[in-house]
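Asker: If you scroll down you'll find the structure; I have some questions about it.
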Amino acid sequence: QAFFWDVTDPANIVKTDSIKIDARTVNDVKVSPDGRYAVLSREGASNRRNGLVIMDLSNPAHPTIASTYDEGLTGGVHNVFATNDYLFALSAGDKYVILDVRDLKNPKFVSEYNHPNSRIHDVWVHNGFAYSSEWGTGTVIVDVGNGKYGGSIENPKFVTAVPYPVGANHAAFPYYQESTGKFYLFLGDEMGRRGYAWT
């Protein structure tokens, strides 16, 4: 299940609705920057089709299902990233698929990026660049529409990979600091538990 909350008054948070979908896990929930739609990622669907459930947020207190999409995503979607017009969805930990969601009822495949010999855990998009966290490969940076390195949303182009010292890049957050004009990439790992007190 996914739950929807009105957090207008942080001291009085109210659940407004919920939705139950065919999945063992709703692993990720993202909302587009313009608040037009939300997406739920699915793992463990009974029909093994998994994929995405796209929600229409015309009435954010009571979202409705606009569509589902599972082509190329049947192996499960762990994480997603939503822009206003495009949706980036991880496919079975192997690659990310880019969908055109301008028509919520009819999402369309645009392209995909699969870094060779690498597994993916998360992707974040900023200013036309996709930053995917790919464990031992580190963070892979791909031009997905900025154009500086010849990439577009239809034809992603590899730019570089940022090595990660402990070999377990789990998440990456690109951040532009307006006050200084500097751009930072914050990286996080998923460390093993063996040998630690909480094992």
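Letters A, B, ... go to the chains of the structure tokens in the order shown; residues in each chain start at 1; ligands are counted from 1 in the same order.
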Need to verify the contact set: A:Gly188, 9 Å, only C-alpha atoms, exclusion of same-chain residues closer than 3 positions in sequence. Can you return it as a tab-separated table (two decimals) with C-alpha atoms, in the first residue's frame?
Answerer:
chain	number	residue	atom	x	y	z
A	133	SER	CA	24.88	4.96	-8.19
A	168	ALA	CA	29.54	0.37	-2.47
A	169	ASN	CA	27.97	3.51	-3.95
A	170	HIS	CA	24.33	3.24	-2.90
A	171	ALA	CA	23.04	6.77	-3.53
A	172	ALA	CA	24.26	10.07	-4.96
A	173	PHE	CA	22.78	13.55	-4.57
Asker: Can you build me a table of stretch 48-111 of chain A residues sitting at most 12 Å from stretch 151-155 of chain A, with the closest atom pair per residue and its distance in Å to one decimal, using only C-alpha atoms, sorted by chain and residue number, as JSON lines?
Answerer:
{"residue": "A:Thr83", "atom": "CA", "partner": "A:Ile153", "partner_atom": "CA", "distance": 11.8}
{"residue": "A:Asp85", "atom": "CA", "partner": "A:Ile153", "partner_atom": "CA", "distance": 10.7}
{"residue": "A:Tyr86", "atom": "CA", "partner": "A:Ile153", "partner_atom": "CA", "distance": 8.7}
{"residue": "A:Leu87", "atom": "CA", "partner": "A:Ile153", "partner_atom": "CA", "distance": 10.6}
{"residue": "A:Phe88", "atom": "CA", "partner": "A:Ile153", "partner_atom": "CA", "distance": 10.5}
{"residue": "A:Val97", "atom": "CA", "partner": "A:Ile153", "partner_atom": "CA", "distance": 10.7}
{"residue": "A:Ile98", "atom": "CA", "partner": "A:Ile153", "partner_atom": "CA", "distance": 7.7}
{"residue": "A:Leu99", "atom": "CA", "partner": "A:Ile153", "partner_atom": "CA", "distance": 9.4}
{"residue": "A:Asp100", "atom": "CA", "partner": "A:Ile153", "partner_atom": "CA", "distance": 9.5}
{"residue": "A:Lys108", "atom": "CA", "partner": "A:Glu154", "partner_atom": "CA", "distance": 11.7}
{"residue": "A:Phe109", "atom": "CA", "partner": "A:Glu154", "partner_atom": "CA", "distance": 9.5}
{"residue": "A:Val110", "atom": "CA", "partner": "A:Glu154", "partner_atom": "CA", "distance": 5.7}
{"residue": "A:Ser111", "atom": "CA", "partner": "A:Glu154", "partner_atom": "CA", "distance": 5.4}
Asker: Residues as selected, N, CA and C atoms, written as a short mmCIF file (atom, residue, chain, number, x, y, z; two decimals), in the first residue's frame, can you do that?
Answerer:
data_model
loop_
_atom_site.label_atom_id
_atom_site.label_comp_id
_atom_site.auth_asym_id
_atom_site.auth_seq_id
_atom_site.Cartn_x
_atom_site.Cartn_y
_atom_site.Cartn_z
N THR A 83 10.96 13.72 -13.37
CA THR A 83 11.02 15.11 -13.81
C THR A 83 9.61 15.47 -14.29
N ASP A 85 8.44 15.98 -17.27
CA ASP A 85 8.03 15.32 -18.52
C ASP A 85 8.54 13.90 -18.67
N TYR A 86 9.60 13.55 -17.94
CA TYR A 86 10.23 12.24 -18.12
C TYR A 86 10.43 11.54 -16.79
N LEU A 87 10.39 10.22 -16.88
CA LEU A 87 10.51 9.39 -15.70
C LEU A 87 11.65 8.41 -15.92
N PHE A 88 12.57 8.34 -14.95
CA PHE A 88 13.71 7.44 -15.00
C PHE A 88 13.42 6.29 -14.03
N VAL A 97 15.58 2.96 -17.46
CA VAL A 97 14.74 3.17 -18.62
C VAL A 97 14.14 4.56 -18.50
N ILE A 98 14.07 5.30 -19.60
CA ILE A 98 13.51 6.66 -19.61
C ILE A 98 12.16 6.64 -20.32
N LEU A 99 11.13 7.13 -19.64
CA LEU A 99 9.78 7.16 -20.19
C LEU A 99 9.30 8.59 -20.36
N ASP A 100 8.55 8.82 -21.41
CA ASP A 100 7.87 10.09 -21.64
C ASP A 100 6.51 10.00 -20.95
N LYS A 108 5.34 6.46 -22.62
CA LYS A 108 6.02 5.87 -23.77
C LYS A 108 7.51 5.73 -23.50
N PHE A 109 8.06 4.61 -23.94
CA PHE A 109 9.50 4.38 -23.86
C PHE A 109 10.23 5.38 -24.74
N VAL A 110 11.29 5.99 -24.19
CA VAL A 110 12.11 6.92 -24.96
C VAL A 110 13.49 6.34 -25.22
N SER A 111 14.17 5.89 -24.16
CA SER A 111 15.52 5.36 -24.31
C SER A 111 15.91 4.67 -23.01
#
Asker: Residues near A:Val26, anyone? I mean within 12 Å using only C-alpha atoms, not counting same-chain ones fewer than 6 positions away, as an MDAnalysis selection string.
Answerer: chainID A and resid 1:3 19:20 39:45 50:53 76:80
Asker: Using all heavy atoms, can you export the residues from the last selection as a compact mmCIF listing (two decimals), in the first residue's frame?
Answerer:
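As a result, part.txt now contains:
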# COMPACT_ATOMS: atom_id res chain seq x y z
N GLN A 1 0.83 -1.20 0.00
CA GLN A 1 0.00 0.00 0.00
C GLN A 1 0.87 1.25 0.00
O GLN A 1 1.98 1.24 0.49
CB GLN A 1 -0.90 0.03 1.24
CG GLN A 1 -1.99 -1.02 1.25
CD GLN A 1 -2.98 -0.77 2.37
OE1 GLN A 1 -3.76 0.17 2.31
NE2 GLN A 1 -2.93 -1.60 3.38
N ALA A 2 0.32 2.31 -0.56
CA ALA A 2 0.94 3.63 -0.46
C ALA A 2 -0.08 4.54 0.22
O ALA A 2 -1.28 4.46 -0.05
CB ALA A 2 1.29 4.18 -1.84
N PHE A 3 0.41 5.39 1.10
CA PHE A 3 -0.46 6.29 1.86
C PHE A 3 -0.18 7.73 1.47
O PHE A 3 0.95 8.09 1.17
CB PHE A 3 -0.23 6.10 3.36
CG PHE A 3 -0.58 4.73 3.84
CD1 PHE A 3 0.38 3.73 3.91
CD2 PHE A 3 -1.88 4.42 4.21
CE1 PHE A 3 0.07 2.45 4.33
CE2 PHE A 3 -2.21 3.15 4.65
CZ PHE A 3 -1.24 2.15 4.71
N ILE A 19 -3.79 3.66 -1.30
CA ILE A 19 -4.08 2.84 -2.48
C ILE A 19 -3.32 1.53 -2.34
O ILE A 19 -2.17 1.50 -1.89
CB ILE A 19 -3.71 3.56 -3.79
CG1 ILE A 19 -4.17 2.74 -4.98
CG2 ILE A 19 -2.22 3.87 -3.86
CD1 ILE A 19 -4.18 3.50 -6.28
N LYS A 20 -3.99 0.45 -2.67
CA LYS A 20 -3.38 -0.88 -2.61
C LYS A 20 -3.13 -1.35 -4.04
O LYS A 20 -4.03 -1.29 -4.88
CB LYS A 20 -4.29 -1.85 -1.87
CG LYS A 20 -3.65 -3.19 -1.60
CD LYS A 20 -4.53 -4.06 -0.73
CE LYS A 20 -3.83 -5.36 -0.38
NZ LYS A 20 -4.65 -6.20 0.51
N VAL A 39 4.64 8.57 -8.82
CA VAL A 39 4.88 7.23 -9.35
C VAL A 39 5.23 6.30 -8.20
O VAL A 39 5.93 6.68 -7.26
CB VAL A 39 6.00 7.26 -10.43
CG1 VAL A 39 7.30 7.81 -9.85
CG2 VAL A 39 6.22 5.88 -11.03
N LEU A 40 4.71 5.09 -8.25
CA LEU A 40 5.00 4.04 -7.28
C LEU A 40 5.77 2.96 -8.00
O LEU A 40 5.36 2.51 -9.07
CB LEU A 40 3.70 3.45 -6.70
CG LEU A 40 2.59 4.41 -6.29
CD1 LEU A 40 1.38 3.62 -5.80
CD2 LEU A 40 3.07 5.35 -5.21
N SER A 41 6.89 2.54 -7.43
CA SER A 41 7.65 1.44 -8.04
C SER A 41 7.23 0.13 -7.39
O SER A 41 6.92 0.07 -6.21
CB SER A 41 9.16 1.67 -7.87
OG SER A 41 9.54 1.54 -6.52
N ARG A 42 7.19 -0.92 -8.19
CA ARG A 42 6.70 -2.21 -7.70
C ARG A 42 7.77 -3.28 -7.76
O ARG A 42 8.52 -3.39 -8.73
CB ARG A 42 5.50 -2.68 -8.53
CG ARG A 42 4.32 -1.77 -8.44
CD ARG A 42 3.06 -2.45 -8.91
NE ARG A 42 3.09 -2.83 -10.31
CZ ARG A 42 2.08 -3.44 -10.94
NH1 ARG A 42 0.98 -3.74 -10.27
NH2 ARG A 42 2.17 -3.75 -12.21
N GLU A 43 7.79 -4.09 -6.71
CA GLU A 43 8.59 -5.31 -6.69
C GLU A 43 7.70 -6.42 -6.13
O GLU A 43 6.92 -6.20 -5.22
CB GLU A 43 9.84 -5.13 -5.83
CG GLU A 43 10.85 -4.15 -6.44
CD GLU A 43 12.13 -4.02 -5.64
OE1 GLU A 43 12.04 -3.76 -4.44
OE2 GLU A 43 13.20 -4.16 -6.24
N GLY A 44 7.82 -7.61 -6.70
CA GLY A 44 7.08 -8.75 -6.20
C GLY A 44 5.62 -8.81 -6.58
O GLY A 44 4.79 -9.33 -5.83
N ALA A 45 5.25 -8.32 -7.77
CA ALA A 45 3.87 -8.43 -8.23
C ALA A 45 3.51 -9.89 -8.46
O ALA A 45 4.35 -10.70 -8.86
CB ALA A 45 3.68 -7.63 -9.53
N ASN A 50 5.57 -6.53 -12.40
CA ASN A 50 6.16 -5.42 -11.66
C ASN A 50 5.96 -4.07 -12.37
O ASN A 50 4.85 -3.70 -12.67
CB ASN A 50 7.64 -5.70 -11.37
CG ASN A 50 7.79 -6.83 -10.36
OD1 ASN A 50 7.26 -6.77 -9.27
ND2 ASN A 50 8.49 -7.87 -10.76
N GLY A 51 7.04 -3.33 -12.62
CA GLY A 51 6.92 -2.05 -13.30
C GLY A 51 6.45 -0.94 -12.40
O GLY A 51 6.73 -0.93 -11.19
N LEU A 52 5.70 0.00 -12.98
CA LEU A 52 5.33 1.25 -12.31
C LEU A 52 3.82 1.45 -12.28
O LEU A 52 3.11 1.01 -13.18
CB LEU A 52 5.95 2.44 -13.04
CG LEU A 52 7.45 2.42 -13.28
CD1 LEU A 52 7.83 3.52 -14.26
CD2 LEU A 52 8.20 2.59 -11.97
N VAL A 53 3.37 2.17 -11.26
CA VAL A 53 2.00 2.66 -11.21
C VAL A 53 2.09 4.19 -11.18
O VAL A 53 2.72 4.76 -10.28
CB VAL A 53 1.25 2.14 -9.97
CG1 VAL A 53 -0.16 2.73 -9.91
CG2 VAL A 53 1.20 0.62 -9.98
N GLY A 76 11.36 -5.85 -11.75
CA GLY A 76 11.24 -5.07 -10.52
C GLY A 76 11.90 -3.72 -10.64
O GLY A 76 12.93 -3.56 -11.31
N VAL A 77 11.28 -2.73 -10.01
CA VAL A 77 11.80 -1.36 -10.04
C VAL A 77 12.13 -0.96 -8.61
O VAL A 77 11.23 -0.81 -7.79
CB VAL A 77 10.78 -0.38 -10.65
CG1 VAL A 77 11.34 1.03 -10.65
CG2 VAL A 77 10.42 -0.81 -12.08
N HIS A 78 13.41 -0.79 -8.32
CA HIS A 78 13.83 -0.46 -6.97
C HIS A 78 13.70 1.03 -6.69
O HIS A 78 13.21 1.44 -5.65
CB HIS A 78 15.28 -0.92 -6.74
CG HIS A 78 15.67 -1.00 -5.31
ND1 HIS A 78 15.08 -1.87 -4.43
CD2 HIS A 78 16.59 -0.32 -4.60
CE1 HIS A 78 15.62 -1.72 -3.23
NE2 HIS A 78 16.54 -0.78 -3.30
N ASN A 79 14.15 1.86 -7.64
CA ASN A 79 14.10 3.31 -7.48
C ASN A 79 13.70 3.98 -8.78
O ASN A 79 13.89 3.44 -9.86
CB ASN A 79 15.46 3.86 -7.03
CG ASN A 79 15.75 3.59 -5.57
OD1 ASN A 79 14.85 3.63 -4.74
ND2 ASN A 79 17.00 3.30 -5.25
N VAL A 80 13.15 5.20 -8.63
CA VAL A 80 12.76 6.01 -9.79
C VAL A 80 13.18 7.45 -9.55
O VAL A 80 13.46 7.86 -8.42
CB VAL A 80 11.23 5.96 -10.04
CG1 VAL A 80 10.78 4.56 -10.40
CG2 VAL A 80 10.46 6.47 -8.84
Asker: Which residues are near A:Asn59? Cut-off 12 Å, only C-alpha atoms, ignore same chain within fewer than 3 positions. Put them as a list in words.
Answerer: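 Close residues of A:Asn59: Phe4, Asp6, Thr16, Asp17, Gly35, Arg36, Tyr37, Ala38, Met55, Asp56, His62, Pro63, Thr64 and Ile65 of chain A.
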Asker: Using only C-alpha atoms, which residues sit within 9 Å of A:Val159 once same-chain residues fewer than 6 positions away are excluded, as a PyMOL selection string?
Answerer: chain A and resi 140-143+149
Asker: Can you tell me how far atom CA of A:Gly75 sits from atom CA of A:Tyr113, in Å to one decimal?
Answerer: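 A separation of 16.1 Å between them.
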Asker: Grab the atom CA of A:Asn117 to atom CA of A:Gly136 distance for me, in Å with one decimal place.
Answerer: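 The value is 10.1 Å.
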Asker: Let me make sure I understand: among A:Ser179, A:Asn127, A:Ser58, A:Asn84, which one has the smallest atom-to-atom distance to A:Val31 if we use only C-alpha atoms?
Answerer: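 Among the listed residues, A:Asn84 lies closest to A:Val31.
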Asker: From a DSSP calculation on the backbone, collect every residue of chain A in strand (DSSP E) and output the set as an MDAnalysis selection string.
Answerer: chainID A and resid 2:6 14:19 25:31 37:43 51:56 64:69 80:82 86:91 95:100 108:113 122:126 129:133 139:143 157:162 169:177 182:189
Asker: With only C-alpha atoms as the atoms that count, which of A:Lys148, A:Lys15, A:Lys182, A:Lys157 lies nearest to A:Ala61?
Answerer: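 Checking each of A:Lys148, A:Lys15, A:Lys182, A:Lys157 against A:Ala61, counting only C-alpha atoms, the winner is A:Lys15.
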Asker: In Å to one decimal, how far is atom CA of A:Phe81 from atom CA of A:Glu178?
Answerer: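 Answer for the atom CA of A:Glu178 to atom CA of A:Phe81 separation: 22.6 Å.
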